[in-house]
file model.cif (mmCIF, C-alpha atoms and all ligand atoms)
data_data
#
loop_
_atom_site.label_atom_id
_atom_site.label_comp_id
_atom_site.auth_asym_id
_atom_site.auth_seq_id
_atom_site.Cartn_x
_atom_site.Cartn_y
_atom_site.Cartn_z
CA MET A 1 28.41 101.14 116.65
CA ARG A 2 30.00 102.46 119.78
CA TYR A 3 32.12 105.10 118.17
CA GLY A 4 33.34 108.47 119.17
CA ARG A 5 32.90 110.01 115.77
CA THR A 6 36.18 111.84 115.53
CA VAL A 7 36.94 111.90 111.81
CA ASN A 8 40.61 111.26 111.00
CA PRO A 9 42.11 114.61 109.92
CA ALA A 10 45.07 112.79 108.31
CA GLU A 11 43.03 110.25 106.33
CA HIS A 12 44.90 111.32 103.17
CA GLN A 13 48.00 109.54 104.54
CA LEU A 14 46.20 106.21 104.04
CA HIS A 15 45.75 104.48 100.70
CA TYR A 16 42.45 103.03 99.50
CA PRO A 17 43.02 100.52 96.67
CA GLN A 18 39.29 99.88 96.16
CA ARG A 19 37.05 102.90 96.68
CA GLU A 20 33.81 101.36 95.37
CA PRO A 21 32.04 99.53 98.22
CA PRO A 22 29.70 96.65 97.39
CA ALA A 23 26.04 97.54 96.93
CA THR A 24 23.75 95.95 99.52
CA GLY A 25 23.30 92.25 98.75
CA THR A 26 26.31 92.03 96.41
CA VAL A 27 29.92 90.95 96.84
CA VAL A 28 33.10 92.74 95.73
CA TRP A 29 35.88 90.17 95.29
CA LEU A 30 39.10 91.71 96.65
CA ARG A 31 41.19 88.59 95.96
CA PRO A 32 40.23 85.14 94.69
CA GLY A 33 38.13 83.64 97.47
CA LEU A 34 37.95 86.86 99.52
CA GLY A 35 34.67 88.75 99.27
CA TRP A 36 33.65 92.10 100.75
CA LEU A 37 29.99 92.58 101.79
CA ARG A 38 28.24 95.54 103.35
CA MET A 39 25.19 95.38 105.57
CA PRO A 40 23.01 98.38 106.43
CA LEU A 41 22.82 99.88 109.93
CA PRO A 42 20.04 102.21 111.08
CA PHE A 43 22.47 104.57 112.83
CA ALA A 44 24.57 107.61 111.95
CA LEU A 45 27.22 105.00 111.17
CA ASP A 46 25.14 103.41 108.43
CA HIS A 47 27.07 100.28 107.41
CA ILE A 48 29.22 97.38 108.56
CA ASN A 49 31.67 95.48 106.36
CA LEU A 50 31.66 91.67 106.46
CA TRP A 51 34.23 89.35 104.89
CA LEU A 52 33.42 86.17 102.99
CA LEU A 53 36.11 83.50 102.66
CA ASP A 54 36.15 80.48 100.37
CA ASP A 55 36.58 77.51 102.70
CA GLU A 56 36.37 73.78 103.21
CA LEU A 57 35.57 71.95 106.43
CA ASP A 58 35.25 68.20 107.00
CA GLY A 59 35.49 67.62 103.26
CA THR A 60 32.69 70.05 102.40
CA ARG A 61 33.41 73.11 100.27
CA GLY A 62 31.61 76.23 101.44
CA TRP A 63 32.04 79.63 103.02
CA THR A 64 33.27 81.25 106.18
CA VAL A 65 31.99 84.70 107.07
CA VAL A 66 33.49 87.19 109.50
CA ASP A 67 30.76 89.13 111.35
CA CYS A 68 27.02 89.11 110.68
CA GLY A 69 25.16 92.45 110.73
CA ILE A 70 22.31 93.27 113.13
CA THR A 71 19.05 91.38 113.25
CA SER A 72 16.74 93.31 110.91
CA GLU A 73 14.58 92.65 107.88
CA ALA A 74 16.94 94.71 105.73
CA THR A 75 20.01 92.73 106.76
CA GLN A 76 18.30 89.38 106.28
CA ALA A 77 17.09 90.44 102.84
CA ALA A 78 20.63 91.45 101.89
CA TRP A 79 21.95 88.12 103.12
CA ARG A 80 19.39 86.19 101.04
CA GLN A 81 20.57 88.07 97.95
CA VAL A 82 24.18 87.13 98.76
CA PHE A 83 23.27 83.45 99.26
CA ASP A 84 21.54 83.37 95.87
CA SER A 85 24.06 85.38 93.88
CA ALA A 86 27.46 84.54 95.38
CA PHE A 87 27.35 81.24 97.27
CA ALA A 88 27.29 79.02 94.16
CA GLY A 89 25.01 76.59 96.00
CA ARG A 90 27.59 75.95 98.71
CA PRO A 91 26.82 76.06 102.44
CA LEU A 92 27.93 78.47 105.11
CA LEU A 93 30.46 76.49 107.18
CA ARG A 94 31.39 78.87 109.98
CA VAL A 95 30.58 82.26 111.37
CA ILE A 96 33.42 84.14 113.04
CA ALA A 97 32.40 87.11 115.21
CA THR A 98 35.17 89.57 116.05
CA HIS A 99 33.27 90.77 119.14
CA PHE A 100 29.84 90.90 120.78
CA HIS A 101 28.62 94.31 119.56
CA PRO A 102 25.23 94.00 117.83
CA ASP A 103 26.38 94.92 114.32
CA HIS A 104 28.93 92.08 114.50
CA LEU A 105 27.04 89.36 116.39
CA GLY A 106 23.38 90.27 115.66
CA LEU A 107 22.44 87.68 113.06
CA ALA A 108 24.73 84.84 114.19
CA HIS A 109 21.68 83.07 115.69
CA TRP A 110 19.94 83.10 112.30
CA LEU A 111 22.97 82.19 110.19
CA CYS A 112 23.94 79.34 112.54
CA ALA A 113 20.35 78.03 112.57
CA GLY A 114 20.51 77.63 108.79
CA ALA A 115 19.12 80.99 107.61
CA ASP A 116 15.49 80.08 106.76
CA GLY A 117 15.97 76.33 106.73
CA ARG A 118 18.78 76.08 104.22
CA GLY A 119 20.04 73.01 106.03
CA TRP A 120 23.33 74.51 107.13
CA ALA A 121 24.73 74.23 110.64
CA PRO A 122 27.73 76.55 110.71
CA ARG A 123 29.52 76.88 114.03
CA LEU A 124 29.98 80.26 115.69
CA TRP A 125 33.65 81.04 116.45
CA MET A 126 34.43 83.73 119.05
CA SER A 127 36.67 84.52 122.00
CA ALA A 128 35.23 83.24 125.28
CA THR A 129 34.80 86.66 126.87
CA GLU A 130 32.96 88.13 123.88
CA TYR A 131 30.74 85.05 123.67
CA ALA A 132 29.87 85.22 127.37
CA PHE A 133 29.09 88.94 127.16
CA GLY A 134 26.83 88.44 124.17
CA ARG A 135 25.01 85.56 125.87
CA PHE A 136 24.60 87.56 129.08
CA LEU A 137 23.12 90.56 127.30
CA THR A 138 20.32 88.44 125.84
CA THR A 139 19.23 87.21 129.29
CA ALA A 140 16.44 88.64 131.43
CA ASP A 141 19.06 89.95 133.86
CA ALA A 142 20.34 92.34 131.22
CA GLN A 143 16.95 94.07 131.11
CA ARG A 144 18.19 96.15 134.01
CA ALA A 145 20.94 97.62 131.81
CA GLY A 146 19.14 100.96 131.49
CA GLU A 147 18.97 101.51 135.25
CA SER A 148 22.63 100.69 135.68
CA ALA A 149 23.69 102.94 132.79
CA ALA A 150 21.63 105.86 134.12
CA ALA A 151 23.22 105.53 137.59
CA HIS A 152 26.67 105.41 135.98
CA PHE A 153 26.12 108.53 133.89
CA ALA A 154 24.52 110.37 136.83
CA ARG A 155 27.61 109.64 138.97
CA HIS A 156 29.65 111.26 136.23
CA GLY A 157 27.64 114.41 135.94
CA LEU A 158 24.79 113.74 133.52
CA SER A 159 22.24 115.57 135.62
CA ASP A 160 19.22 116.44 133.54
CA ALA A 161 16.27 114.24 134.40
CA ASP A 162 15.02 114.00 130.83
CA SER A 163 18.31 112.58 129.49
CA LEU A 164 18.54 110.12 132.38
CA ALA A 165 14.98 108.94 131.74
CA LYS A 166 15.89 108.35 128.09
CA VAL A 167 19.02 106.40 129.04
CA ARG A 168 16.87 104.24 131.35
CA ALA A 169 14.25 103.65 128.69
CA ARG A 170 16.76 102.88 125.94
CA GLY A 171 18.61 100.31 128.03
CA VAL A 172 15.52 98.12 128.32
CA GLY A 173 15.65 95.63 125.50
CA TYR A 174 18.16 97.60 123.43
CA PHE A 175 20.61 94.75 122.90
CA PRO A 176 18.01 91.93 122.55
CA LYS A 177 16.24 93.90 119.83
CA LEU A 178 19.39 93.83 117.68
CA VAL A 179 20.62 90.47 118.97
CA PRO A 180 17.53 88.50 120.05
CA ALA A 181 19.53 85.31 120.61
CA VAL A 182 23.08 84.01 120.62
CA PRO A 183 23.83 80.43 119.51
CA LEU A 184 23.98 78.06 122.48
CA VAL A 185 27.11 76.39 121.16
CA TYR A 186 30.33 77.99 119.96
CA ARG A 187 33.98 77.31 119.29
CA ARG A 188 36.48 79.28 121.27
CA ILE A 189 39.21 81.39 119.66
CA GLN A 190 42.23 82.07 121.85
CA ASP A 191 45.14 84.46 121.42
CA GLY A 192 47.64 83.13 118.88
CA ASP A 193 45.32 80.46 117.48
CA GLU A 194 45.90 79.82 113.80
CA LEU A 195 42.72 79.21 111.82
CA ALA A 196 43.27 77.30 108.57
CA ILE A 197 40.78 78.74 106.10
CA GLY A 198 40.48 77.92 102.40
CA PRO A 199 39.75 75.01 100.10
CA HIS A 200 41.76 71.80 100.44
CA GLY A 201 45.26 72.31 99.05
CA ALA A 202 44.98 76.09 99.31
CA LYS A 203 44.50 76.62 103.05
CA ARG A 204 45.79 79.87 104.48
CA LEU A 205 46.61 80.39 108.14
CA TRP A 206 44.91 83.30 109.90
CA ARG A 207 46.42 84.16 113.27
CA ALA A 208 44.11 85.46 115.99
CA THR A 209 45.22 88.50 117.95
CA MET A 210 43.23 89.75 120.91
CA GLY A 211 42.47 93.44 121.16
CA TYR A 212 41.36 95.30 124.28
CA GLY A 213 39.78 98.61 125.14
CA HIS A 214 36.95 98.63 122.58
CA SER A 215 35.30 95.42 123.76
CA PRO A 216 36.34 92.76 126.27
CA GLU A 217 38.40 90.38 124.07
CA HIS A 218 38.15 91.43 120.42
CA VAL A 219 39.54 89.04 117.80
CA SER A 220 41.51 90.30 114.78
CA LEU A 221 42.78 87.84 112.18
CA PHE A 222 46.06 88.24 110.32
CA CYS A 223 47.10 86.21 107.27
CA ALA A 224 50.86 86.51 106.74
CA ASP A 225 50.82 84.75 103.34
CA GLU A 226 48.34 87.23 101.89
CA ARG A 227 49.30 90.23 104.05
CA LEU A 228 45.70 90.69 105.08
CA LEU A 229 44.35 91.87 108.42
CA VAL A 230 40.69 91.47 109.36
CA ALA A 231 40.77 94.28 111.90
CA GLY A 232 37.18 94.41 113.16
CA ASP A 233 36.72 97.67 115.05
CA MET A 234 40.27 97.84 116.39
CA VAL A 235 41.79 99.69 113.41
CA LEU A 236 39.43 101.91 111.44
CA PRO A 237 40.65 104.31 108.76
CA ARG A 238 38.23 107.20 109.03
CA ILE A 239 36.73 107.32 112.52
CA SER A 240 38.49 106.66 115.79
CA THR A 241 37.59 103.43 117.57
CA ASN A 242 35.33 104.02 120.53
CA VAL A 243 37.15 103.43 123.81
CA SER A 244 34.78 103.95 126.73
CA VAL A 245 34.24 103.23 130.40
CA TRP A 246 30.82 101.56 130.76
CA ASP A 247 28.66 100.91 133.79
CA SER A 248 29.43 97.19 133.94
CA GLU A 249 33.08 97.97 134.76
CA PRO A 250 33.06 101.52 136.18
CA GLU A 251 36.72 101.57 137.30
CA ALA A 252 38.05 100.27 133.97
CA ASN A 253 41.14 101.82 132.37
CA PRO A 254 40.63 100.84 128.71
CA LEU A 255 42.65 103.49 126.89
CA PRO A 256 46.20 102.24 127.63
CA ARG A 257 45.02 98.70 126.91
CA TYR A 258 43.62 99.80 123.57
CA LEU A 259 46.86 101.58 122.60
CA ARG A 260 48.98 98.59 123.65
CA SER A 261 46.75 96.31 121.56
CA LEU A 262 47.35 98.53 118.54
CA ASP A 263 51.09 98.15 118.91
CA HIS A 264 50.83 94.42 118.13
CA HIS A 265 49.99 95.44 114.58
CA LEU A 266 53.38 97.14 114.19
CA MET A 267 54.86 93.63 113.96
CA GLN A 268 52.77 93.02 110.85
CA PRO A 269 54.05 94.29 107.46
CA ALA A 270 53.44 97.98 106.76
CA ASP A 271 51.87 97.15 103.39
CA THR A 272 49.25 94.83 104.91
CA LEU A 273 45.78 95.34 103.42
CA VAL A 274 43.58 96.19 106.39
CA LEU A 275 39.94 95.04 106.24
CA PRO A 276 38.09 97.24 108.75
CA SER A 277 34.49 96.83 109.92
CA HIS A 278 33.65 100.39 108.92
CA GLY A 279 35.04 102.48 106.07
CA LEU A 280 37.13 101.16 103.18
CA PRO A 281 39.91 98.56 102.99
CA PHE A 282 43.22 100.41 103.25
CA THR A 283 46.97 100.19 103.42
CA GLY A 284 48.93 102.30 105.89
CA LEU A 285 48.56 100.14 109.01
CA HIS A 286 51.60 101.55 110.82
CA THR A 287 50.58 105.10 109.90
CA ARG A 288 47.09 104.53 111.30
CA VAL A 289 48.49 103.12 114.55
CA ALA A 290 50.72 106.20 114.89
CA GLN A 291 47.75 108.47 114.15
CA GLN A 292 45.70 106.85 116.91
CA HIS A 293 48.54 107.26 119.40
CA ALA A 294 48.90 110.94 118.45
CA HIS A 295 45.14 111.49 118.61
CA HIS A 296 44.79 110.10 122.12
CA ALA A 297 48.00 111.74 123.39
CA ALA A 298 46.63 115.12 122.28
CA ARG A 299 43.20 114.41 123.84
CA LEU A 300 44.87 113.38 127.13
CA GLU A 301 46.72 116.71 127.34
CA GLU A 302 43.51 118.65 126.62
CA VAL A 303 41.68 116.74 129.34
CA PHE A 304 44.58 117.22 131.75
CA ALA A 305 44.61 120.98 131.10
CA ALA A 306 40.84 121.15 131.67
CA CYS A 307 41.34 119.47 135.05
CA ALA A 308 43.17 122.57 136.38
CA GLU A 309 39.76 122.95 138.09
CA PRO A 310 37.84 119.89 139.34
CA ARG A 311 35.78 118.50 136.46
CA SER A 312 33.21 115.78 136.06
CA ALA A 313 33.25 113.60 132.94
CA ALA A 314 30.16 115.48 131.72
CA GLN A 315 32.13 118.73 131.93
CA ILE A 316 34.94 117.16 129.89
CA VAL A 317 32.63 116.18 127.01
CA PRO A 318 32.66 119.68 125.40
CA VAL A 319 36.47 119.67 125.61
CA LEU A 320 36.65 116.51 123.49
CA PHE A 321 33.58 116.99 121.29
CA ARG A 322 33.08 120.56 120.14
CA ARG A 323 29.65 120.09 118.60
CA GLU A 324 26.04 119.30 119.44
CA LEU A 325 25.51 115.66 120.39
CA ASP A 326 22.26 113.75 120.45
CA LEU A 327 21.62 111.55 123.49
CA HIS A 328 23.03 108.42 121.84
CA GLN A 329 26.22 110.25 120.91
CA LEU A 330 26.35 111.90 124.34
CA THR A 331 26.48 108.55 126.15
CA PHE A 332 29.37 107.42 123.94
CA ALA A 333 31.07 110.79 124.42
CA LEU A 334 30.71 110.48 128.21
CA GLY A 335 32.21 107.01 128.07
CA GLU A 336 35.14 108.35 126.02
CA ALA A 337 35.68 111.33 128.33
CA LEU A 338 35.79 108.94 131.26
CA ALA A 339 38.29 106.70 129.46
CA HIS A 340 40.66 109.67 129.12
CA LEU A 341 40.08 110.77 132.73
CA HIS A 342 40.76 107.25 133.98
CA ALA A 343 44.00 107.00 131.99
CA LEU A 344 45.19 110.18 133.75
CA TRP A 345 43.84 108.95 137.10
CA TYR A 346 45.62 105.58 136.88
CA ASP A 347 48.80 107.47 135.90
CA GLY A 348 48.52 109.61 139.03
CA ARG A 349 48.21 112.84 137.05
CA VAL A 350 44.68 113.57 138.29
CA ARG A 351 42.92 112.56 141.48
CA ARG A 352 39.28 111.61 141.84
CA SER A 353 36.92 112.86 144.53
CA LEU A 354 33.26 112.16 145.22
CA GLY A 355 31.29 115.36 145.82
CA ALA A 356 28.43 115.80 148.27
CA ASP A 357 26.17 115.74 145.19
CA GLY A 358 27.25 112.17 144.46
CA ILE A 359 29.21 113.18 141.35
CA TYR A 360 32.83 112.19 140.74
CA CYS A 361 35.22 115.01 139.89
CA PHE A 362 38.78 114.80 138.64
CA ALA A 363 41.45 117.45 139.28
CA GLN A 364 45.16 117.75 138.57
CA ALA A 365 47.08 115.95 141.31
ZN ZN B 1 32.40 97.37 118.12
#
call {"tool": "encode", "arguments": {"input": "model.cif", "output": "structure tokens"}}
result
Amino acid sequence: MRYGRTVNPAEHQLHYPQREPPATGTVVWLRPGLGWLRMPLPFALDHINLWLLDDELDGTRGWTVVDCGITSEATQAAWRQVFDSAFAGRPLLRVIATHFHPDHLGLAHWLCAGADGRGWAPRLWMSATEYAFGRFLTTADAQRAGESAAAHFARHGLSDADSLAKVRARGVGYFPKLVPAVPLVYRRIQDGDELAIGPHGAKRLWRATMGYGHSPEHVSLFCADERLLVAGDMVLPRISTNVSVWDSEPEANPLPRYLRSLDHHLMQPADTLVLPSHGLPFTGLHTRVAQQHAHHAARLEEVFAACAEPRSAAQIVPVLFRRELDLHQLTFALGEALAHLHALWYDGRVRRSLGADGIYCFAQA
């Protein structure tokens, strides 16, 4: 989740070699030892892709999975089907989470605890920042998230009491419901680490690249030998990656960091098969990076033009999203509007002022 749902108008420039996604609980084998799974999500964005890799650790043949799905009956049922139909009796050896968002990290606690007593003890692999965030959000402290989010959105112009009450209510327990626990032990992934994945004698190196702007320290994995990129949420073919300013870091400037992160992928071959967390595997990596740059450059100019008069982030939302939004979408849209305003603010193109009403406004400098 966490997406501004701007659908890519130039999706036809990308190529989809495999247009049939796996049915729930089944695996589509994209290459020998590389499986594609889909888990359901109860949101407008209704699925997440996971990647299953044939592996061997400490002399034991088994599986590595990238990302987990949320904690739900439906996801656990789908996993059980996969264990029975695709695992060939082998254990899960490690769980790699690209970032802390619930659809990616949700079931790590269950998988790492052996998934209904299957006797496995796979290790969770993550970047340190994502791991810490996920752990924090399952603590009692994080129960105040709703209050903090409501104050943040109010400062940026969300004024109607009903919406603010809903933001407050939703924040309580929202994350722990989807991610009730995070494993107490993990293995850290750092930028540039090379993970050797595969059976003995056929190991492939997957290089970790950190991505910023969508989440604190998102891990993508690139395999040069196979020209494969596990892109997580950083490069999606159909919808734009959500880049937002959230209440936990209200002065953040995530948009330039996101765009700079994307540029790392231009060093990878143009014909790399991209494995995104949402949508279909695709080729056209460099094209998609260029599309995202063009998309945000155009949005920045629209936001700048709207700031001819002082505007709050809430007043910018209709400039960026020309349709009705439900409350959930509105909070993401506000976060995105603020990300664009902050990019202009940090560039000195707009200035920020705090009104007597306690609301921040941005106007052309
Ligand atoms: Zn995400």
call {"tool": "residues_near_ligand", "arguments": {"input": "model.cif", "ligand": "ligand ZN 1 (chain B)", "cutoff": "9 Å", "atoms": "only C-alpha atoms and all ligand atoms", "output": "list in words"}}
result
Met1, Arg2, Tyr3, Thr98, His99, Phe100, His101, Pro102, Asp103, His104, His214, Ser215, His218, Gly232, Asp233, Met234, Thr241, Asn242 and Ser277 of chain A
call {"tool": "atom_distance", "arguments": {"input": "model.cif", "atom1": "atom CA of A:Pro318", "atom2": "atom CA of A:Ala365"}}
result
21.8 Å
call {"tool": "closest_atom_pairs", "arguments": {"input": "model.cif", "of": "stretch 137-222 of chain A", "to": "stretch 245-264 of chain A", "cutoff": "12 Å", "atoms": "all atoms listed in the file", "output": "Markdown table"}}
result
| residue | atom | partner | partner_atom | distance |
| --- | --- | --- | --- | --- |
| A:Leu137 | CA | A:Ser248 | CA | 11.3 |
| A:Ala142 | CA | A:Ser248 | CA | 10.7 |
| A:Arg144 | CA | A:Ser248 | CA | 11.3 |
| A:Ala145 | CA | A:Asp247 | CA | 8.6 |
| A:Gly146 | CA | A:Asp247 | CA | 9.8 |
| A:Glu147 | CA | A:Asp247 | CA | 9.8 |
| A:Ser148 | CA | A:Asp247 | CA | 6.3 |
| A:Ala149 | CA | A:Asp247 | CA | 5.5 |
| A:Ala150 | CA | A:Asp247 | CA | 8.6 |
| A:Ala151 | CA | A:Asp247 | CA | 8.1 |
| A:His152 | CA | A:Asp247 | CA | 5.4 |
| A:Phe153 | CA | A:Asp247 | CA | 8.0 |
| A:Ala154 | CA | A:Asp247 | CA | 10.8 |
| A:Arg155 | CA | A:Pro250 | CA | 10.2 |
| A:His156 | CA | A:Pro250 | CA | 10.3 |
| A:Gly171 | CA | A:Asp247 | CA | 11.6 |
| A:Asp191 | CA | A:His264 | CA | 11.9 |
| A:Gly192 | CA | A:His264 | CA | 11.8 |
| A:Ala208 | CA | A:His264 | CA | 11.4 |
| A:Thr209 | CA | A:His264 | CA | 8.2 |
| A:Met210 | CA | A:Ser261 | CA | 7.5 |
| A:Gly211 | CA | A:Ser261 | CA | 5.2 |
| A:Tyr212 | CA | A:Tyr258 | CA | 5.1 |
| A:Gly213 | CA | A:Pro254 | CA | 4.3 |
| A:His214 | CA | A:Tyr258 | CA | 6.8 |
| A:Ser215 | CA | A:Pro254 | CA | 9.1 |
| A:Pro216 | CA | A:Pro254 | CA | 9.5 |
| A:Glu217 | CA | A:Ser261 | CA | 10.5 |
| A:His218 | CA | A:Ser261 | CA | 10.0 |
| A:Val219 | CA | A:Ser261 | CA | 10.9 |
| A:Ser220 | CA | A:Ser261 | CA | 10.5 |
| A:Leu221 | CA | A:His264 | CA | 12.0 |
| A:Phe222 | CA | A:His264 | CA | 11.0 |
call {"tool": "residues_around", "arguments": {"input": "model.cif", "residues": "A:Gly62", "least_positions_apart": "6", "cutoff": "9 Å", "atoms": "all atoms listed in the file", "output": "short mmCIF file (atom, residue, chain, number, x, y, z; two decimals) with C-alpha atoms, keeping the file's coordinate frame"}}
result
data_model
loop_
_atom_site.label_atom_id
_atom_site.label_comp_id
_atom_site.auth_asym_id
_atom_site.auth_seq_id
_atom_site.Cartn_x
_atom_site.Cartn_y
_atom_site.Cartn_z
CA LEU A 53 36.11 83.50 102.66
CA ASP A 54 36.15 80.48 100.37
CA ASP A 55 36.58 77.51 102.70
CA GLU A 56 36.37 73.78 103.21
CA PHE A 87 27.35 81.24 97.27
CA ALA A 88 27.29 79.02 94.16
CA GLY A 89 25.01 76.59 96.00
CA ARG A 90 27.59 75.95 98.71
CA PRO A 91 26.82 76.06 102.44
CA LEU A 92 27.93 78.47 105.11
CA LEU A 93 30.46 76.49 107.18
CA ARG A 94 31.39 78.87 109.98
CA PRO A 199 39.75 75.01 100.10
#
call {"tool": "closest_residue", "arguments": {"input": "model.cif", "among": "A:His278, A:Lys203, A:His342, A:His293", "to": "A:Gly69", "atoms": "only C-alpha atoms"}}
result
A:His278
call {"tool": "atom_distance", "arguments": {"input": "model.cif", "atom1": "atom CA of A:Pro17", "atom2": "atom CA of A:Gly284"}}
result
11.1 Å
call {"tool": "residues_near_point", "arguments": {"input": "model.cif", "point": "(39.1, 78.4, 122.5)", "cutoff": "7 Å", "atoms": "only C-alpha atoms", "output": "ChimeraX atom specification"}}
result
/A:127-128,187-190
call {"tool": "closest_residue", "arguments": {"input": "model.cif", "among": "A:Gln268, A:Thr129, A:Asn49, A:Gln329", "to": "A:Pro22", "atoms": "all atoms listed in the file"}}
result
A:Asn49
call {"tool": "residues_around", "arguments": {"input": "model.cif", "residues": "A:Ala363", "least_positions_apart": "2", "cutoff": "12 Å", "atoms": "all atoms listed in the file", "output": "list in words"}}
result
Val303, Phe304, Ala305, Ala306, Cys307, Ala308, Glu309, Pro310, Arg311, Ser312, Ala313, Gln315, Ile316, Leu341, His342, Leu344, Trp345, Gly348, Arg349, Val350, Arg351, Arg352, Ser353, Leu354, Tyr360, Cys361 and Ala365 of chain A
call {"tool": "closest_residue", "arguments": {"input": "model.cif", "among": "A:Gln76, A:Arg38, A:Ile239, A:Leu30", "to": "A:Gln292", "atoms": "all atoms listed in the file"}}
result
A:Ile239
call {"tool": "atom_distance", "arguments": {"input": "model.cif", "atom1": "atom CA of A:His286", "atom2": "atom CA of A:His265"}}
result
7.4 Å
call {"tool": "closest_residue", "arguments": {"input": "model.cif", "among": "A:Val289, A:Val7, A:Gly198, A:Gly157", "to": "A:Gly59", "atoms": "all atoms listed in the file"}}
result
A:Gly198
call {"tool": "residues_around", "arguments": {"input": "model.cif", "residues": "stretch 107-111 of chain A", "least_positions_apart": "2", "cutoff": "10 Å", "atoms": "all atoms listed in the file", "output": "VMD selection string"}}
result
chain A and resid 65 67 to 72 75 to 76 79 92 to 97 102 to 105 113 to 118 120 to 125 178 to 184
call {"tool": "closest_residue", "arguments": {"input": "model.cif", "among": "A:Val317, A:Phe175, A:Arg299, A:Leu280", "to": "A:Leu50", "atoms": "only C-alpha atoms"}}
result
A:Leu280
call {"tool": "closest_residue", "arguments": {"input": "model.cif", "among": "A:Gly25, A:Gly355, A:Gly33, A:Pro9", "to": "A:Val82", "atoms": "all atoms listed in the file"}}
result
A:Gly25
call {"tool": "axis_aligned_box", "arguments": {"input": "model.cif", "around": "stretch 75-89 of chain A", "padding_each_side": "8 Å", "output": "lines of an AutoDock Vina configuration file"}}
result
center_x = 22.3
center_y = 84.7
center_z = 100.3
size_x = 26.4
size_y = 32.1
size_z = 28.9
call {"tool": "build_atoms", "arguments": {"input": "model.cif", "residues": "stretch 33-46 of chain A", "atoms": "N, CA and C atoms", "output": "compact mmCIF listing (two decimals), in the coordinates of the input"}}
result
# COMPACT_ATOMS: atom_id res chain seq x y z
N GLY A 33 38.57 84.26 96.22
CA GLY A 33 38.13 83.64 97.47
C GLY A 33 37.99 84.58 98.64
N LEU A 34 38.12 85.88 98.43
CA LEU A 34 37.95 86.86 99.52
C LEU A 34 36.94 87.91 99.08
N GLY A 35 35.75 87.84 99.65
CA GLY A 35 34.67 88.75 99.27
C GLY A 35 34.41 89.80 100.34
N TRP A 36 34.01 90.98 99.87
CA TRP A 36 33.65 92.10 100.75
C TRP A 36 32.15 92.32 100.62
N LEU A 37 31.43 92.30 101.75
CA LEU A 37 29.99 92.58 101.79
C LEU A 37 29.76 93.79 102.68
N ARG A 38 28.66 94.46 102.44
CA ARG A 38 28.24 95.54 103.35
C ARG A 38 26.81 95.30 103.78
N MET A 39 26.55 95.48 105.06
CA MET A 39 25.19 95.38 105.57
C MET A 39 24.77 96.73 106.13
N PRO A 40 23.48 97.07 105.97
CA PRO A 40 23.01 98.38 106.43
C PRO A 40 22.89 98.44 107.95
N LEU A 41 23.07 99.62 108.51
CA LEU A 41 22.82 99.88 109.93
C LEU A 41 21.93 101.12 110.06
N PRO A 42 20.95 101.07 110.94
CA PRO A 42 20.04 102.21 111.08
C PRO A 42 20.57 103.27 112.05
N PHE A 43 21.85 103.59 111.93
CA PHE A 43 22.47 104.57 112.83
C PHE A 43 23.18 105.62 111.98
N ALA A 44 23.76 106.62 112.67
CA ALA A 44 24.57 107.61 111.95
C ALA A 44 25.69 106.88 111.21
N LEU A 45 26.27 105.89 111.86
CA LEU A 45 27.22 105.00 111.17
C LEU A 45 26.35 103.97 110.46
N ASP A 46 26.25 104.09 109.13
CA ASP A 46 25.14 103.41 108.43
C ASP A 46 25.50 102.07 107.80
